[in-house]
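The file run-v3.txt contains compact mmCIF, C-alpha atoms:
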```
# COMPACT_ATOMS: atom_id res chain seq x y z
CA MET A 272 0.00 0.00 0.00
CA PRO A 273 1.55 3.38 -0.96
CA SER A 274 2.04 6.31 1.39
CA THR A 275 -0.81 8.82 1.89
CA TYR A 276 -0.71 12.53 2.73
CA THR A 277 -2.29 14.62 5.49
CA PRO A 278 -5.07 16.92 4.24
CA SER A 279 -3.88 20.25 5.65
CA LEU A 280 -0.08 20.23 5.43
CA ARG A 281 0.35 17.46 2.83
CA LEU A 282 2.86 15.51 4.94
CA GLU A 283 3.68 11.96 3.88
CA MET A 284 2.21 9.22 6.06
CA GLN A 285 4.12 5.95 5.88
CA ALA A 286 2.15 2.85 4.94
CA ALA A 287 2.95 -0.36 6.80
CA GLY A 288 5.92 -2.07 5.19
CA GLU A 289 6.39 0.68 2.63
CA ASN A 290 9.77 2.21 1.71
CA LEU A 291 11.91 -0.21 3.70
CA ASN A 292 15.31 1.25 4.64
CA THR A 293 14.39 4.67 3.19
CA TRP A 294 11.71 5.89 5.61
CA GLY A 295 14.14 7.36 8.16
CA ALA A 296 16.35 9.05 5.60
CA PRO A 297 15.35 10.76 3.49
CA ARG A 298 11.57 10.44 3.99
CA LEU A 299 11.23 11.17 7.71
CA ASN A 300 13.74 14.01 7.43
CA THR A 301 11.67 15.47 4.60
CA VAL A 302 8.53 15.37 6.79
CA ILE A 303 10.41 17.08 9.64
CA ASP A 304 11.66 19.76 7.24
CA ARG A 305 8.11 20.41 6.00
CA LEU A 306 6.81 20.62 9.56
CA ASP A 307 9.49 23.23 10.19
CA GLN A 308 8.23 25.18 7.17
CA ALA A 309 4.62 24.93 8.35
CA ILE A 310 5.46 26.19 11.84
CA ALA A 311 8.04 28.87 11.08
CA GLY A 312 8.72 28.98 7.33
CA ARG A 313 8.25 31.99 5.06
CA SER A 314 7.13 32.13 1.43
CA VAL A 315 8.43 35.22 -0.39
CA ILE A 316 6.10 35.97 -3.30
CA THR A 317 6.44 38.80 -5.82
CA LEU A 318 3.08 39.61 -7.41
CA ASN A 319 2.49 40.65 -11.01
CA GLY A 320 -1.25 40.06 -10.81
CA ASP A 321 -3.50 37.44 -9.24
CA HIS A 322 -1.69 34.47 -7.73
CA VAL A 323 -2.57 30.88 -6.81
CA LEU A 324 -0.38 29.51 -4.02
CA THR A 325 1.53 26.40 -5.05
CA SER A 326 0.37 23.31 -3.20
CA ALA A 327 1.77 19.79 -3.64
CA ASN A 328 1.78 16.50 -1.74
CA ALA A 329 5.31 15.40 -2.56
CA ALA A 330 7.16 18.72 -2.90
CA ASP A 331 7.89 21.97 -1.10
CA ASP A 332 5.24 24.60 -1.77
CA GLU A 333 4.17 28.16 -0.88
CA ALA A 334 0.93 27.26 0.89
CA ARG A 335 2.54 25.02 3.50
CA ARG A 336 4.64 27.80 5.02
CA ALA A 337 3.51 29.76 8.06
CA MET A 338 4.20 33.24 6.69
CA LEU A 339 3.26 34.66 3.30
CA ASP A 340 5.40 37.71 2.50
CA PHE A 341 4.08 39.55 -0.58
CA SER A 342 5.64 42.33 -2.65
CA GLY A 343 5.12 43.64 -6.16
CA ALA A 344 1.97 44.86 -7.88
CA GLY A 345 -1.44 45.14 -6.30
CA PRO A 346 -4.35 44.97 -5.92
CA ALA A 347 -4.38 41.21 -6.38
CA THR A 348 -6.39 38.14 -5.48
CA VAL A 349 -4.44 35.34 -3.80
CA THR A 350 -6.03 31.90 -3.89
CA LEU A 351 -5.31 29.57 -0.98
CA PRO A 352 -5.79 25.80 -0.97
CA ALA A 353 -9.20 24.69 0.34
CA ALA A 354 -7.67 23.27 3.53
CA SER A 355 -7.71 24.42 7.14
CA LYS A 356 -4.63 26.51 7.92
CA ILE A 357 -3.53 29.72 9.67
CA TYR A 358 -1.23 32.16 7.86
CA LEU A 359 0.65 35.27 8.91
CA VAL A 360 0.33 37.56 5.88
CA ARG A 361 2.51 40.61 5.22
CA ASN A 362 1.33 42.81 2.37
CA GLY A 363 4.31 44.66 0.94
CA ALA A 364 2.55 44.98 -2.45
CA SER A 365 1.30 48.26 -3.89
CA GLY A 366 -2.40 47.50 -3.35
CA PRO A 367 -4.76 45.46 -1.19
CA LEU A 368 -4.70 41.66 -1.28
CA THR A 369 -7.88 39.59 -1.29
CA LEU A 370 -7.30 36.11 0.10
CA THR A 371 -9.78 33.46 -0.96
CA THR A 372 -10.21 29.74 -1.60
CA GLY A 373 -12.36 30.62 -4.60
CA ALA A 374 -15.54 30.11 -2.59
CA GLY A 375 -16.97 31.57 0.60
CA ALA A 376 -15.82 34.54 2.66
CA VAL A 377 -12.63 36.41 1.79
CA ALA A 378 -10.08 38.35 3.85
CA VAL A 379 -8.59 41.64 2.64
CA VAL A 380 -5.12 42.75 3.77
CA ASP A 381 -4.26 46.39 3.03
CA PRO A 382 -0.81 47.54 1.87
CA GLU A 383 1.83 47.61 4.62
CA ASP A 384 -0.42 45.59 6.94
CA VAL A 385 0.53 42.35 8.67
CA ALA A 386 -2.51 40.18 9.38
CA LEU A 387 -3.29 36.82 10.90
CA VAL A 388 -5.55 34.98 8.46
CA ALA A 389 -7.39 31.69 9.04
CA CYS A 390 -8.87 29.37 6.43
CA ASP A 391 -11.42 26.73 7.43
CA GLY A 392 -11.24 24.97 4.07
CA GLY A 393 -13.81 27.24 2.41
CA ASP A 394 -13.99 30.64 4.08
CA VAL A 395 -11.02 32.91 4.82
CA PHE A 396 -11.10 35.18 7.86
CA ALA A 397 -8.77 37.94 9.05
CA LEU A 398 -8.16 38.48 12.77
CA GLY A 399 -11.24 40.15 14.19
CA VAL A 400 -13.02 41.10 17.40
CA GLY A 401 -16.75 41.11 18.08
CA GLY A 402 -17.62 40.12 14.52
CA LEU A 403 -15.65 43.03 13.04
CA GLY A 404 -12.32 43.17 11.28
CA PHE A 405 -9.58 44.45 13.59
CA LYS A 406 -9.40 47.90 11.97
CA ALA A 407 -13.19 48.31 11.99
CA TYR A 408 -13.29 47.22 15.65
CA VAL A 409 -10.63 49.74 16.69
CA GLU A 410 -12.40 52.51 14.79
CA THR A 411 -15.76 51.62 16.36
CA VAL A 412 -14.30 51.44 19.86
CA ALA A 413 -12.44 54.74 19.41
CA TRP A 414 -15.52 56.64 18.31
CA THR A 415 -17.95 54.92 20.67
CA TYR A 416 -15.81 55.19 23.80
CA ASN A 417 -14.93 58.79 23.02
CA ALA A 418 -18.46 59.93 22.21
CA GLY A 419 -18.74 63.52 23.40
CA ALA A 420 -14.98 64.01 23.24
CA LEU A 421 -14.85 63.21 19.53
CA PRO A 422 -17.53 64.71 17.25
CA ALA A 423 -20.04 62.50 15.43
CA GLN A 424 -19.01 61.35 11.95
CA THR A 425 -22.42 61.60 10.25
CA GLY A 426 -22.61 64.45 7.75
CA ASN A 427 -18.92 65.29 7.91
CA ALA A 428 -17.52 63.57 4.84
CA GLY A 429 -14.36 65.17 3.46
CA LYS A 430 -13.51 66.96 6.70
CA VAL A 431 -10.75 66.41 9.23
CA VAL A 432 -10.87 66.43 13.02
CA ALA A 433 -9.08 69.48 14.41
CA THR A 434 -8.75 70.86 17.90
CA ASP A 435 -8.37 74.35 19.30
CA GLY A 436 -6.58 72.94 22.32
CA GLU A 437 -9.77 72.34 24.26
CA ASP A 438 -12.43 70.97 21.93
CA ALA A 439 -12.22 68.70 18.89
CA GLY A 440 -14.42 69.40 15.88
CA TRP A 441 -14.78 68.77 12.17
CA ARG A 442 -13.19 71.32 9.86
CA LEU A 443 -12.71 71.65 6.14
CA VAL A 444 -9.02 71.78 5.30
CA THR A 445 -9.54 75.22 3.73
CA THR A 446 -10.74 76.65 7.07
CA LEU A 447 -7.88 75.36 9.23
CA PRO A 448 -5.75 78.23 10.64
CA ASP A 449 -2.43 76.89 9.31
CA TYR A 450 -3.91 76.39 5.85
CA VAL A 451 -5.44 79.88 5.80
CA HIS A 452 -2.19 81.41 7.05
CA ASP A 453 -0.20 79.52 4.40
CA GLN A 454 -2.60 80.65 1.65
CA ALA A 455 -2.29 84.28 2.80
CA GLN A 456 1.51 84.02 2.73
CA GLN A 457 1.43 82.55 -0.76
CA ALA A 458 -0.88 85.32 -2.00
CA ALA A 459 1.40 88.00 -0.51
CA ALA A 460 4.46 86.40 -2.11
CA ALA A 461 2.69 86.33 -5.48
CA GLU A 462 1.88 90.04 -5.15
CA ARG A 463 5.53 90.83 -4.36
CA ARG A 464 6.70 88.86 -7.40
CA ALA A 465 4.20 90.65 -9.64
CA ALA A 466 5.31 94.06 -8.30
CA ALA A 467 8.98 93.18 -8.85
CA LEU A 468 8.29 92.09 -12.41
CA ALA A 469 6.36 95.28 -13.07
CA TYR A 470 9.14 97.45 -11.60
CA PHE A 471 12.05 95.73 -13.37
CA GLY A 472 9.95 95.21 -16.45
```
Write out the structure in this file as structure tokens.
Amino acid sequence: MPSTYTPSLRLEMQAAGENLNTWGAPRLNTVIDRLDQAIAGRSVITLNGDHVLTSANAADDEARRAMLDFSGAGPATVTLPAASKIYLVRNGASGPLTLTTGAGAVAVVDPEDVALVACDGGDVFALGVGGLGFKAYVETVAWTYNAGALPAQTGNAGKVVATDGEDAGWRLVTTLPDYVHDQAQQAAAAERRAAALAYFG
């Protein structure tokens, strides 16, 4: 009976009586090496578009490793094997990465983010709290817990939060004191240049 492979990490399982005198070396050593990859290994992947992680029973592959370290072009869709696994994902690409098995829920990792991503064999989930993605949870907590100290967001699209040293409020960038001061300085400088040109002709 030939060897079989585990469903998640694709590690070789020795059949009784199979591979006499070769199971210890090299086969067992190969399994130990692949366990090392699955626990602490890193796949370095340069993206030029969508990418399907390599996945093979009898060979090293990208999907077995613990960390997926992406660079290159984004946005991109990265397809994971339909097997239960946890990944540490670093997005060094130029756009967001959508991680999927091709079916079910997906996880999105923004540029420069490092995220813990879990696949249950169908759905892919990013680290979250209270049913929200981590970023959404932090934003919700910040605004909820600081209600009264931070102004409400509704109706303030395109504005920034500014403070006068005592109270925070929404302001258009064009009404911020530094911006107004800078615009006044630029206008005065333009007038001086125009006067100099007129004088020296």
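The space between CA of Gly399 in chain A and CA of Gly363 in chain A spans 20.9 Å.
Note that CA of Pro346 in chain A and CA of Val432 in chain A are 29.4 Å apart.
Using all atoms listed in the file, the nearest neighbour of Ala311 in chain A within the list A:Thr371, A:Ala460, A:Thr348, A:Ile357 is A:Ile357.
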Minimum-distance residue to Glu333 in chain A, chosen among A:Leu359, A:Val315, A:Ala439, A:Ala433 (using only C-alpha atoms) | A:Val315
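Atom pair CA of Glu283 in chain A / CA of Phe396 in chain A: separated by 27.8 Å.
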Using all atoms listed in the file, pick whichever of A:Thr411, A:Asn319, A:Asn328, A:Thr425 has the shortest atom-to-atom distance to Ala364 in chain A.
-> A:Asn319
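Residues within 12 Å of Gly345 in chain A, counting all atoms listed in the file and excluding same-chain residues fewer than 2 positions away, are A:Thr317, A:Leu318, A:Asn319, A:Gly320, A:Asp321, A:His322, A:Phe341, A:Ser342, A:Gly343, A:Ala347, A:Thr348, A:Val349, A:Asn362, A:Gly363, A:Ala364, A:Ser365, A:Gly366, A:Pro367, A:Leu368, A:Thr369, A:Val379, A:Val380, A:Asp381, A:Pro382, A:Glu383.
Counting all atoms listed in the file and comparing A:Ser279, A:Ser314, A:Thr434, A:Thr301, the residue that lies closest to Ser355 in chain A is A:Ser279.
With distances restricted to only C-alpha atoms, A:Ser274 is the closest residue to Ala287 in chain A from A:Leu324, A:Gly436, A:Ala461, A:Ser274.
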